[in-house]
Every structure is written in C-alpha cells, then in structure tokens.
Amino acid sequence: RRRLLQKLHASSDSSSIDHISLQRHFSFPLDDWQLSAGSSILAGHNVIVCAPTGAGKTVVGEMALHIALEKKTSSIYTTPLKALSNQKFGEMRKVFGVDSVGLTTGDVCIRRGADVTIMTTEVYRNLAWSANTGNIAALVSDEEVGIGVDLQQLERASSREDFSDLSSNSIVVLDEFHYMGQKGRGSVWEECVIFNPPHCQIVGLSATLP
C-alpha cells in the first residue's frame, strides 16, 4: 500500500510539473483538457484533440510546437489551404518570432529549415511519403487535380533538401483532422498518418470527427 501511495504521489508531482511547464508559455489559464493533451504530448504520445470551434484547440497545437522547440527539434504545422497556411504563418511568427517560423506551400517557400514550418497538408503528405520511400515525386490524386493542385509546385515544395528525411522533425500538427476518411481529399490526411515517420508525433486538431 505504501508503494502504491508513493507511485500515486510521484505521478501527481510529475503531472504538476508538466502543467507548470506548459502554462508558462501562455498568459491565460489553460483548461484541464488542454493541460491533459499537453501532458500526453510531453509523454511522447500521439494526440487527437476534438473540441468545438473557439474552444482553444489551436492552443494545444502551439503547445506541441513549444515542446518540440524545447527538445531542440523542429516541428511542422499543416493546414488544408494555402490561404490558411499564410494566415497561420503570420500568427505563429508573433508567437515564436520572425526568425523561427517558415512557410512552405506549393508556390512559396520562406525560411527553409526554420524551427517551425507551416505548410499545406498535401506538402507534408509528400514529404512523409518521400521520407519513407526515397522518391521525391509528388503524390497527387484525381480530386487534388480537380481542385487545382499544381503538380510541379507540389513536387518542388516536397523535394526541399531541408526536409529530405524529416529526421530533425519531432512533431507534426495536422489541423482540420476531420477531413480524415472523407470523400475526396480525406485520403491526404490518411496518407499523412500512414507515411508519418515513427519518430514524429502526430497532433490532430478537429472541431468534429466523423
């Protein structure tokens, strides 16, 4: 019984330390579910956050990026659209600093090799696929062609030497994770998970899951 109490006490202390280390990055009090998700990321687990729009799930994504930086590794944050990637790029530069954040979409590459890189989900899917197969050719589905994905741009973005094997990347945040399993582009999110390197944690963010 004494050993059990000691273990419970040690677990409680560890959890408190985790919460303190997570909270110090934010000027507002974090909710219990955000702290729980952050603690799971600190423990090395893959995490899926499903919370209503406006509830603060992006905070968990920011936590993940902070955790990667503290481990002196790089991280990636993906969005489904170039416009959203551009917006997130601006937001994250305010959080992590101009010199620490890069952007990689089909037609734009800013600060290659930055600590935090914002990119479209298709670009990450191809980077992960290239890391697994050694092939830099881009994967593009019929649906992606239908929505105007530029194959040559995607190949250029996906073959950046800085991302050749994703070995320095420890975390990828997949925003809009509810695309998973949906008709059309849903396969992109599935392939991100399938081809994701084993050393790279996945943090999925979604307002809803099917």
# chains A, B, ... in the order shown; residues from 1 in each chain; ligands from 1

$ residues_around --residues "Ile118 of chain A" --least-positions-apart "3" --cutoff "9 Å" --atoms "only C-alpha atoms" --output "number ranges by chain"
A: 75-79, 85-86, 88-89, 92, 101-105

$ residues_around --residues "Gly97 of chain A" --least-positions-apart "6" --cutoff "10 Å" --atoms "only C-alpha atoms" --output "VMD selection string"
chain A and resid 90 to 91 116

$ atom_distance --atom1 "atom CA of Ala128 of chain A" --atom2 "atom CA of Thr208 of chain A"
24.8 Å

$ atom_distance --atom1 "atom CA of Ala114 of chain A" --atom2 "atom CA of His66 of chain A"
13.6 Å

$ closest_residue --among "A:Ile110, A:Leu22, A:Cys200, A:Ile194" --to "Gly44 of chain A" --atoms "only C-alpha atoms"
A:Cys200

$ closest_residue --among "A:Val108, A:Glu122, A:Asn196, A:Val60" --to "Val47 of chain A" --atoms "only C-alpha atoms"
A:Val60

$ residues_around --residues "Thr133 of chain A" --least-positions-apart "4" --cutoff "10 Å" --atoms "only C-alpha atoms" --output "list in words"
Leu127, Ala128, Trp129, Asp165 and Phe195 of chain A

$ closest_residue --among "A:Leu30, A:Val49, A:Ile67, A:Ala37" --to "Leu209 of chain A" --atoms "only C-alpha atoms"
A:Val49

$ residues_around --residues "segment 31-35 of chain A" --least-positions-apart "6" --cutoff "10 Å" --atoms "only C-alpha atoms" --output "ChimeraX atom specification"
/A:15-16,18-20,22-23,41,49,51,55-61,63

$ closest_residue --among "A:Val98, A:Ala131, A:Ala64, A:Met119" --to "His45 of chain A" --atoms "only C-alpha atoms"
A:Ala64

$ closest_residue --among "A:Ile48, A:Val123, A:Leu42, A:Ile202" --to "Ile171 of chain A" --atoms "only C-alpha atoms"
A:Ile202

$ atom_distance --atom1 "atom CA of Lys82 of chain A" --atom2 "atom CA of Arg185 of chain A"
14.6 Å

$ select_by_dssp --residues "segment 9-133 of chain A" --states "helix (DSSP H, G or I)" --output "PDB file with N, CA, C and O atoms, in the first residue's frame"
ATOM      1  N   HIS A   9       1.774   9.514  -5.599  1.00  0.00           N
ATOM      2  CA  HIS A   9       2.326  10.816  -5.250  1.00  0.00           C
ATOM      3  C   HIS A   9       3.326  11.284  -6.309  1.00  0.00           C
ATOM      4  O   HIS A   9       3.329  12.445  -6.727  1.00  0.00           O
ATOM      5  N   ALA A  10       4.175  10.360  -6.770  1.00  0.00           N
ATOM      6  CA  ALA A  10       5.161  10.689  -7.810  1.00  0.00           C
ATOM      7  C   ALA A  10       4.462  11.085  -9.101  1.00  0.00           C
ATOM      8  O   ALA A  10       4.871  12.023  -9.791  1.00  0.00           O
ATOM      9  N   SER A  11       3.377  10.363  -9.441  1.00  0.00           N
ATOM     10  CA  SER A  11       2.618  10.671 -10.650  1.00  0.00           C
ATOM     11  C   SER A  11       1.983  12.051 -10.558  1.00  0.00           C
ATOM     12  O   SER A  11       1.976  12.825 -11.512  1.00  0.00           O
ATOM     13  N   SER A  12       1.466  12.375  -9.370  1.00  0.00           N
ATOM     14  CA  SER A  12       0.855  13.681  -9.151  1.00  0.00           C
ATOM     15  C   SER A  12       1.885  14.794  -9.270  1.00  0.00           C
ATOM     16  O   SER A  12       1.632  15.835  -9.885  1.00  0.00           O
ATOM     17  N   ASP A  13       3.075  14.575  -8.705  1.00  0.00           N
ATOM     18  CA  ASP A  13       4.146  15.569  -8.788  1.00  0.00           C
ATOM     19  C   ASP A  13       4.558  15.799 -10.239  1.00  0.00           C
ATOM     20  O   ASP A  13       4.770  16.934 -10.670  1.00  0.00           O
ATOM     21  N   SER A  14       4.690  14.696 -10.986  1.00  0.00           N
ATOM     22  CA  SER A  14       5.083  14.783 -12.393  1.00  0.00           C
ATOM     23  C   SER A  14       4.052  15.561 -13.195  1.00  0.00           C
ATOM     24  O   SER A  14       4.386  16.395 -14.036  1.00  0.00           O
ATOM     25  N   SER A  15       2.768  15.286 -12.921  1.00  0.00           N
ATOM     26  CA  SER A  15       1.691  15.978 -13.622  1.00  0.00           C
ATOM     27  C   SER A  15       1.717  17.465 -13.317  1.00  0.00           C
ATOM     28  O   SER A  15       1.539  18.303 -14.205  1.00  0.00           O
ATOM     29  N   SER A  16       1.978  17.821 -12.064  1.00  0.00           N
ATOM     30  CA  SER A  16       2.042  19.234 -11.669  1.00  0.00           C
ATOM     31  C   SER A  16       3.183  19.943 -12.385  1.00  0.00           C
ATOM     32  O   SER A  16       3.040  21.078 -12.839  1.00  0.00           O
ATOM     33  N   ILE A  17       4.328  19.267 -12.477  1.00  0.00           N
ATOM     34  CA  ILE A  17       5.482  19.842 -13.176  1.00  0.00           C
ATOM     35  C   ILE A  17       5.154  20.057 -14.644  1.00  0.00           C
ATOM     36  O   ILE A  17       5.476  21.098 -15.232  1.00  0.00           O
ATOM     37  N   ASP A  18       4.490  19.063 -15.274  1.00  0.00           N
ATOM     38  CA  ASP A  18       4.083  19.183 -16.673  1.00  0.00           C
ATOM     39  C   ASP A  18       3.187  20.403 -16.862  1.00  0.00           C
ATOM     40  O   ASP A  18       3.369  21.191 -17.798  1.00  0.00           O
ATOM     41  N   HIS A  19       2.214  20.560 -15.971  1.00  0.00           N
ATOM     42  CA  HIS A  19       1.256  21.658 -16.097  1.00  0.00           C
ATOM     43  C   HIS A  19       1.948  23.006 -15.956  1.00  0.00           C
ATOM     44  O   HIS A  19       1.634  23.954 -16.679  1.00  0.00           O
ATOM     45  N   ILE A  20       2.899  23.089 -15.060  1.00  0.00           N
ATOM     46  CA  ILE A  20       3.642  24.344 -14.873  1.00  0.00           C
ATOM     47  C   ILE A  20       4.459  24.672 -16.119  1.00  0.00           C
ATOM     48  O   ILE A  20       4.488  25.811 -16.591  1.00  0.00           O
ATOM     49  N   SER A  21       5.124  23.651 -16.674  1.00  0.00           N
ATOM     50  CA  SER A  21       5.963  23.877 -17.852  1.00  0.00           C
ATOM     51  C   SER A  21       5.128  24.269 -19.069  1.00  0.00           C
ATOM     52  O   SER A  21       5.581  25.026 -19.925  1.00  0.00           O
ATOM     53  N   LEU A  22       3.892  23.771 -19.144  1.00  0.00           N
ATOM     54  CA  LEU A  22       3.005  24.114 -20.252  1.00  0.00           C
ATOM     55  C   LEU A  22       2.397  25.508 -20.061  1.00  0.00           C
ATOM     56  O   LEU A  22       2.301  26.289 -21.002  1.00  0.00           O
ATOM     57  N   GLN A  23       1.985  25.802 -18.840  1.00  0.00           N
ATOM     58  CA  GLN A  23       1.302  27.058 -18.552  1.00  0.00           C
ATOM     59  C   GLN A  23       2.198  28.274 -18.770  1.00  0.00           C
ATOM     60  O   GLN A  23       1.725  29.345 -19.167  1.00  0.00           O
ATOM     61  N   ASP A  32      -8.379  22.307 -18.187  1.00  0.00           N
ATOM     62  CA  ASP A  32      -7.889  20.978 -17.806  1.00  0.00           C
ATOM     63  C   ASP A  32      -7.639  20.093 -19.018  1.00  0.00           C
ATOM     64  O   ASP A  32      -6.649  19.362 -19.077  1.00  0.00           O
ATOM     65  N   TRP A  33      -8.544  20.158 -20.006  1.00  0.00           N
ATOM     66  CA  TRP A  33      -8.389  19.280 -21.177  1.00  0.00           C
ATOM     67  C   TRP A  33      -7.181  19.687 -22.017  1.00  0.00           C
ATOM     68  O   TRP A  33      -6.520  18.839 -22.613  1.00  0.00           O
ATOM     69  N   GLN A  34      -6.863  20.982 -22.031  1.00  0.00           N
ATOM     70  CA  GLN A  34      -5.674  21.431 -22.753  1.00  0.00           C
ATOM     71  C   GLN A  34      -4.404  20.952 -22.050  1.00  0.00           C
ATOM     72  O   GLN A  34      -3.458  20.492 -22.693  1.00  0.00           O
ATOM     73  N   LEU A  35      -4.404  21.035 -20.721  1.00  0.00           N
ATOM     74  CA  LEU A  35      -3.261  20.555 -19.949  1.00  0.00           C
ATOM     75  C   LEU A  35      -3.100  19.048 -20.089  1.00  0.00           C
ATOM     76  O   LEU A  35      -1.978  18.537 -20.169  1.00  0.00           O
ATOM     77  N   SER A  36      -4.230  18.338 -20.118  1.00  0.00           N
ATOM     78  CA  SER A  36      -4.180  16.883 -20.280  1.00  0.00           C
ATOM     79  C   SER A  36      -3.584  16.513 -21.636  1.00  0.00           C
ATOM     80  O   SER A  36      -2.743  15.614 -21.736  1.00  0.00           O
ATOM     81  N   ALA A  37      -4.008  17.221 -22.688  1.00  0.00           N
ATOM     82  CA  ALA A  37      -3.465  16.959 -24.030  1.00  0.00           C
ATOM     83  C   ALA A  37      -1.972  17.285 -24.067  1.00  0.00           C
ATOM     84  O   ALA A  37      -1.170  16.517 -24.613  1.00  0.00           O
ATOM     85  N   GLY A  38      -1.583  18.408 -23.459  1.00  0.00           N
ATOM     86  CA  GLY A  38      -0.173  18.784 -23.428  1.00  0.00           C
ATOM     87  C   GLY A  38       0.684  17.784 -22.681  1.00  0.00           C
ATOM     88  O   GLY A  38       1.798  17.451 -23.104  1.00  0.00           O
ATOM     89  N   SER A  39       0.160  17.273 -21.572  1.00  0.00           N
ATOM     90  CA  SER A  39       0.902  16.263 -20.799  1.00  0.00           C
ATOM     91  C   SER A  39       1.107  14.992 -21.617  1.00  0.00           C
ATOM     92  O   SER A  39       2.161  14.351 -21.540  1.00  0.00           O
ATOM     93  N   SER A  40       0.094  14.616 -22.390  1.00  0.00           N
ATOM     94  CA  SER A  40       0.209  13.427 -23.242  1.00  0.00           C
ATOM     95  C   SER A  40       1.267  13.630 -24.327  1.00  0.00           C
ATOM     96  O   SER A  40       2.014  12.708 -24.668  1.00  0.00           O
ATOM     97  N   ILE A  41       1.338  14.852 -24.870  1.00  0.00           N
ATOM     98  CA  ILE A  41       2.365  15.145 -25.873  1.00  0.00           C
ATOM     99  C   ILE A  41       3.748  15.076 -25.233  1.00  0.00           C
ATOM    100  O   ILE A  41       4.688  14.505 -25.794  1.00  0.00           O
ATOM    101  N   LEU A  42       3.866  15.647 -24.023  1.00  0.00           N
ATOM    102  CA  LEU A  42       5.138  15.585 -23.302  1.00  0.00           C
ATOM    103  C   LEU A  42       5.571  14.145 -23.043  1.00  0.00           C
ATOM    104  O   LEU A  42       6.754  13.829 -23.032  1.00  0.00           O
ATOM    105  N   LYS A  57      -8.569  24.722 -29.262  1.00  0.00           N
ATOM    106  CA  LYS A  57      -7.766  23.554 -29.641  1.00  0.00           C
ATOM    107  C   LYS A  57      -6.437  23.950 -30.285  1.00  0.00           C
ATOM    108  O   LYS A  57      -5.448  23.221 -30.186  1.00  0.00           O
ATOM    109  N   THR A  58      -6.405  25.145 -30.918  1.00  0.00           N
ATOM    110  CA  THR A  58      -5.153  25.605 -31.508  1.00  0.00           C
ATOM    111  C   THR A  58      -4.078  25.804 -30.446  1.00  0.00           C
ATOM    112  O   THR A  58      -2.882  25.677 -30.722  1.00  0.00           O
ATOM    113  N   VAL A  59      -4.504  26.075 -29.205  1.00  0.00           N
ATOM    114  CA  VAL A  59      -3.554  26.222 -28.097  1.00  0.00           C
ATOM    115  C   VAL A  59      -2.749  24.935 -27.926  1.00  0.00           C
ATOM    116  O   VAL A  59      -1.552  24.974 -27.653  1.00  0.00           O
ATOM    117  N   VAL A  60      -3.410  23.791 -28.098  1.00  0.00           N
ATOM    118  CA  VAL A  60      -2.712  22.505 -27.983  1.00  0.00           C
ATOM    119  C   VAL A  60      -1.680  22.373 -29.099  1.00  0.00           C
ATOM    120  O   VAL A  60      -0.578  21.862 -28.883  1.00  0.00           O
ATOM    121  N   GLY A  61      -2.035  22.849 -30.293  1.00  0.00           N
ATOM    122  CA  GLY A  61      -1.061  22.846 -31.384  1.00  0.00           C
ATOM    123  C   GLY A  61       0.149  23.695 -31.059  1.00  0.00           C
ATOM    124  O   GLY A  61       1.290  23.296 -31.316  1.00  0.00           O
ATOM    125  N   GLU A  62      -0.088  24.866 -30.467  1.00  0.00           N
ATOM    126  CA  GLU A  62       1.028  25.724 -30.059  1.00  0.00           C
ATOM    127  C   GLU A  62       1.877  25.047 -28.989  1.00  0.00           C
ATOM    128  O   GLU A  62       3.109  25.138 -29.003  1.00  0.00           O
ATOM    129  N   MET A  63       1.210  24.372 -28.040  1.00  0.00           N
ATOM    130  CA  MET A  63       1.943  23.622 -27.012  1.00  0.00           C
ATOM    131  C   MET A  63       2.906  22.636 -27.658  1.00  0.00           C
ATOM    132  O   MET A  63       4.068  22.514 -27.253  1.00  0.00           O
ATOM    133  N   ALA A  64       2.397  21.913 -28.651  1.00  0.00           N
ATOM    134  CA  ALA A  64       3.215  20.901 -29.321  1.00  0.00           C
ATOM    135  C   ALA A  64       4.456  21.530 -29.950  1.00  0.00           C
ATOM    136  O   ALA A  64       5.563  20.972 -29.865  1.00  0.00           O
ATOM    137  N   LEU A  65       4.295  22.699 -30.551  1.00  0.00           N
ATOM    138  CA  LEU A  65       5.425  23.379 -31.177  1.00  0.00           C
ATOM    139  C   LEU A  65       6.426  23.847 -30.123  1.00  0.00           C
ATOM    140  O   LEU A  65       7.640  23.742 -30.323  1.00  0.00           O
ATOM    141  N   HIS A  66       5.916  24.341 -28.984  1.00  0.00           N
ATOM    142  CA  HIS A  66       6.801  24.734 -27.883  1.00  0.00           C
ATOM    143  C   HIS A  66       7.600  23.525 -27.373  1.00  0.00           C
ATOM    144  O   HIS A  66       8.795  23.629 -27.082  1.00  0.00           O
ATOM    145  N   ILE A  67       6.915  22.395 -27.254  1.00  0.00           N
ATOM    146  CA  ILE A  67       7.569  21.179 -26.755  1.00  0.00           C
ATOM    147  C   ILE A  67       8.695  20.747 -27.692  1.00  0.00           C
ATOM    148  O   ILE A  67       9.790  20.379 -27.250  1.00  0.00           O
ATOM    149  N   ALA A  68       8.439  20.818 -28.990  1.00  0.00           N
ATOM    150  CA  ALA A  68       9.478  20.460 -29.965  1.00  0.00           C
ATOM    151  C   ALA A  68      10.679  21.399 -29.849  1.00  0.00           C
ATOM    152  O   ALA A  68      11.832  20.960 -29.871  1.00  0.00           O
ATOM    153  N   LEU A  69      10.412  22.686 -29.709  1.00  0.00           N
ATOM    154  CA  LEU A  69      11.497  23.661 -29.587  1.00  0.00           C
ATOM    155  C   LEU A  69      12.338  23.397 -28.343  1.00  0.00           C
ATOM    156  O   LEU A  69      13.572  23.514 -28.378  1.00  0.00           O
ATOM    157  N   GLU A  70      11.668  23.059 -27.245  1.00  0.00           N
ATOM    158  CA  GLU A  70      12.402  22.800 -26.001  1.00  0.00           C
ATOM    159  C   GLU A  70      13.265  21.542 -26.102  1.00  0.00           C
ATOM    160  O   GLU A  70      14.250  21.407 -25.383  1.00  0.00           O
ATOM    161  N   LYS A  82      -3.723  27.003 -48.820  1.00  0.00           N
ATOM    162  CA  LYS A  82      -2.616  27.962 -48.846  1.00  0.00           C
ATOM    163  C   LYS A  82      -2.971  29.221 -48.048  1.00  0.00           C
ATOM    164  O   LYS A  82      -2.144  29.756 -47.322  1.00  0.00           O
ATOM    165  N   ALA A  83      -4.210  29.703 -48.218  1.00  0.00           N
ATOM    166  CA  ALA A  83      -4.629  30.921 -47.521  1.00  0.00           C
ATOM    167  C   ALA A  83      -4.557  30.736 -46.005  1.00  0.00           C
ATOM    168  O   ALA A  83      -4.113  31.638 -45.277  1.00  0.00           O
ATOM    169  N   LEU A  84      -4.981  29.564 -45.527  1.00  0.00           N
ATOM    170  CA  LEU A  84      -4.903  29.287 -44.094  1.00  0.00           C
ATOM    171  C   LEU A  84      -3.454  29.150 -43.629  1.00  0.00           C
ATOM    172  O   LEU A  84      -3.101  29.562 -42.523  1.00  0.00           O
ATOM    173  N   SER A  85      -2.621  28.568 -44.487  1.00  0.00           N
ATOM    174  CA  SER A  85      -1.198  28.451 -44.150  1.00  0.00           C
ATOM    175  C   SER A  85      -0.563  29.834 -44.035  1.00  0.00           C
ATOM    176  O   SER A  85       0.224  30.094 -43.119  1.00  0.00           O
ATOM    177  N   ASN A  86      -0.910  30.727 -44.956  1.00  0.00           N
ATOM    178  CA  ASN A  86      -0.386  32.095 -44.893  1.00  0.00           C
ATOM    179  C   ASN A  86      -0.835  32.793 -43.608  1.00  0.00           C
ATOM    180  O   ASN A  86      -0.053  33.493 -42.953  1.00  0.00           O
ATOM    181  N   GLN A  87      -2.112  32.591 -43.250  1.00  0.00           N
ATOM    182  CA  GLN A  87      -2.639  33.197 -42.025  1.00  0.00           C
ATOM    183  C   GLN A  87      -1.942  32.641 -40.790  1.00  0.00           C
ATOM    184  O   GLN A  87      -1.537  33.391 -39.891  1.00  0.00           O
ATOM    185  N   LYS A  88      -1.795  31.319 -40.751  1.00  0.00           N
ATOM    186  CA  LYS A  88      -1.146  30.676 -39.605  1.00  0.00           C
ATOM    187  C   LYS A  88       0.328  31.082 -39.516  1.00  0.00           C
ATOM    188  O   LYS A  88       0.874  31.227 -38.413  1.00  0.00           O
ATOM    189  N   PHE A  89       0.958  31.274 -40.650  1.00  0.00           N
ATOM    190  CA  PHE A  89       2.343  31.737 -40.696  1.00  0.00           C
ATOM    191  C   PHE A  89       2.484  33.071 -39.971  1.00  0.00           C
ATOM    192  O   PHE A  89       3.380  33.264 -39.138  1.00  0.00           O
ATOM    193  N   GLY A  90       1.570  34.001 -40.264  1.00  0.00           N
ATOM    194  CA  GLY A  90       1.599  35.299 -39.603  1.00  0.00           C
ATOM    195  C   GLY A  90       1.363  35.187 -38.106  1.00  0.00           C
ATOM    196  O   GLY A  90       2.033  35.841 -37.304  1.00  0.00           O
ATOM    197  N   GLU A  91       0.418  34.313 -37.721  1.00  0.00           N
ATOM    198  CA  GLU A  91       0.095  34.134 -36.299  1.00  0.00           C
ATOM    199  C   GLU A  91       1.277  33.530 -35.535  1.00  0.00           C
ATOM    200  O   GLU A  91       1.619  33.985 -34.431  1.00  0.00           O
ATOM    201  N   MET A  92       1.889  32.516 -36.110  1.00  0.00           N
ATOM    202  CA  MET A  92       2.973  31.831 -35.411  1.00  0.00           C
ATOM    203  C   MET A  92       4.253  32.660 -35.333  1.00  0.00           C
ATOM    204  O   MET A  92       5.052  32.510 -34.416  1.00  0.00           O
ATOM    205  N   ARG A  93       4.451  33.554 -36.294  1.00  0.00           N
ATOM    206  CA  ARG A  93       5.606  34.458 -36.201  1.00  0.00           C
ATOM    207  C   ARG A  93       5.489  35.378 -34.999  1.00  0.00           C
ATOM    208  O   ARG A  93       6.489  35.741 -34.384  1.00  0.00           O
ATOM    209  N   LYS A  94       4.251  35.741 -34.653  1.00  0.00           N
ATOM    210  CA  LYS A  94       4.037  36.580 -33.467  1.00  0.00           C
ATOM    211  C   LYS A  94       4.307  35.797 -32.183  1.00  0.00           C
ATOM    212  O   LYS A  94       4.725  36.362 -31.175  1.00  0.00           O
ATOM    213  N   VAL A  95       4.054  34.489 -32.232  1.00  0.00           N
ATOM    214  CA  VAL A  95       4.238  33.649 -31.043  1.00  0.00           C
ATOM    215  C   VAL A  95       5.699  33.249 -30.867  1.00  0.00           C
ATOM    216  O   VAL A  95       6.260  33.359 -29.761  1.00  0.00           O
ATOM    217  N   PHE A  96       6.338  32.775 -31.956  1.00  0.00           N
ATOM    218  CA  PHE A  96       7.682  32.189 -31.857  1.00  0.00           C
ATOM    219  C   PHE A  96       8.797  33.084 -32.379  1.00  0.00           C
ATOM    220  O   PHE A  96       9.971  32.761 -32.208  1.00  0.00           O
ATOM    221  N   VAL A  98       9.937  36.007 -35.719  1.00  0.00           N
ATOM    222  CA  VAL A  98      10.051  36.019 -37.181  1.00  0.00           C
ATOM    223  C   VAL A  98      11.101  35.030 -37.682  1.00  0.00           C
ATOM    224  O   VAL A  98      10.900  34.337 -38.682  1.00  0.00           O
ATOM    225  N   ASP A  99      12.222  34.938 -36.993  1.00  0.00           N
ATOM    226  CA  ASP A  99      13.327  34.097 -37.461  1.00  0.00           C
ATOM    227  C   ASP A  99      13.100  32.605 -37.232  1.00  0.00           C
ATOM    228  O   ASP A  99      13.840  31.783 -37.770  1.00  0.00           O
ATOM    229  N   SER A 100      12.102  32.257 -36.436  1.00  0.00           N
ATOM    230  CA  SER A 100      11.904  30.844 -36.067  1.00  0.00           C
ATOM    231  C   SER A 100      10.820  30.142 -36.866  1.00  0.00           C
ATOM    232  O   SER A 100      10.627  28.937 -36.715  1.00  0.00           O
ATOM    233  N   THR A 121      -1.308  20.574 -46.109  1.00  0.00           N
ATOM    234  CA  THR A 121      -1.325  19.156 -45.758  1.00  0.00           C
ATOM    235  C   THR A 121      -0.772  18.299 -46.894  1.00  0.00           C
ATOM    236  O   THR A 121      -0.075  17.308 -46.649  1.00  0.00           O
ATOM    237  N   GLU A 122      -1.048  18.682 -48.144  1.00  0.00           N
ATOM    238  CA  GLU A 122      -0.530  17.917 -49.283  1.00  0.00           C
ATOM    239  C   GLU A 122       0.991  17.918 -49.315  1.00  0.00           C
ATOM    240  O   GLU A 122       1.615  16.904 -49.658  1.00  0.00           O
ATOM    241  N   VAL A 123       1.590  19.055 -48.989  1.00  0.00           N
ATOM    242  CA  VAL A 123       3.057  19.123 -48.977  1.00  0.00           C
ATOM    243  C   VAL A 123       3.616  18.181 -47.924  1.00  0.00           C
ATOM    244  O   VAL A 123       4.566  17.427 -48.182  1.00  0.00           O
ATOM    245  N   TYR A 124       3.006  18.178 -46.730  1.00  0.00           N
ATOM    246  CA  TYR A 124       3.518  17.266 -45.703  1.00  0.00           C
ATOM    247  C   TYR A 124       3.321  15.813 -46.105  1.00  0.00           C
ATOM    248  O   TYR A 124       4.203  14.977 -45.891  1.00  0.00           O
ATOM    249  N   ARG A 125       2.170  15.502 -46.689  1.00  0.00           N
ATOM    250  CA  ARG A 125       1.931  14.115 -47.135  1.00  0.00           C
ATOM    251  C   ARG A 125       3.038  13.655 -48.062  1.00  0.00           C
ATOM    252  O   ARG A 125       3.554  12.529 -47.930  1.00  0.00           O
ATOM    253  N   ASN A 126       3.458  14.517 -48.982  1.00  0.00           N
ATOM    254  CA  ASN A 126       4.503  14.144 -49.928  1.00  0.00           C
ATOM    255  C   ASN A 126       5.877  14.077 -49.270  1.00  0.00           C
ATOM    256  O   ASN A 126       6.705  13.232 -49.617  1.00  0.00           O
ATOM    257  N   LEU A 127       6.129  14.960 -48.300  1.00  0.00           N
ATOM    258  CA  LEU A 127       7.387  14.885 -47.566  1.00  0.00           C
ATOM    259  C   LEU A 127       7.487  13.570 -46.806  1.00  0.00           C
ATOM    260  O   LEU A 127       8.537  12.916 -46.799  1.00  0.00           O
ATOM    261  N   ALA A 128       6.387  13.197 -46.143  1.00  0.00           N
ATOM    262  CA  ALA A 128       6.375  11.943 -45.378  1.00  0.00           C
ATOM    263  C   ALA A 128       6.544  10.754 -46.308  1.00  0.00           C
ATOM    264  O   ALA A 128       7.263   9.796 -45.993  1.00  0.00           O
ATOM    265  N   TRP A 129       5.868  10.804 -47.447  1.00  0.00           N
ATOM    266  CA  TRP A 129       5.980   9.711 -48.426  1.00  0.00           C
ATOM    267  C   TRP A 129       7.407   9.609 -48.956  1.00  0.00           C
ATOM    268  O   TRP A 129       7.967   8.515 -49.060  1.00  0.00           O
ATOM    269  N   SER A 130       8.019  10.758 -49.256  1.00  0.00           N
ATOM    270  CA  SER A 130       9.402  10.772 -49.741  1.00  0.00           C
ATOM    271  C   SER A 130      10.356  10.227 -48.689  1.00  0.00           C
ATOM    272  O   SER A 130      11.304   9.497 -49.001  1.00  0.00           O
ATOM    273  N   ALA A 131      10.118  10.592 -47.419  1.00  0.00           N
ATOM    274  CA  ALA A 131      10.980  10.112 -46.345  1.00  0.00           C
ATOM    275  C   ALA A 131      10.909   8.605 -46.210  1.00  0.00           C
ATOM    276  O   ALA A 131      11.895   7.946 -45.868  1.00  0.00           O
ATOM    277  N   ASN A 132       9.744   8.037 -46.502  1.00  0.00           N
ATOM    278  CA  ASN A 132       9.562   6.596 -46.390  1.00  0.00           C
ATOM    279  C   ASN A 132      10.091   5.835 -47.594  1.00  0.00           C
ATOM    280  O   ASN A 132      10.580   4.717 -47.464  1.00  0.00           O
ATOM    281  N   THR A 133       9.977   6.430 -48.776  1.00  0.00           N
ATOM    282  CA  THR A 133      10.290   5.696 -50.000  1.00  0.00           C
ATOM    283  C   THR A 133      11.575   6.154 -50.674  1.00  0.00           C
ATOM    284  O   THR A 133      12.118   5.451 -51.526  1.00  0.00           O
TER     285      THR A 133
END
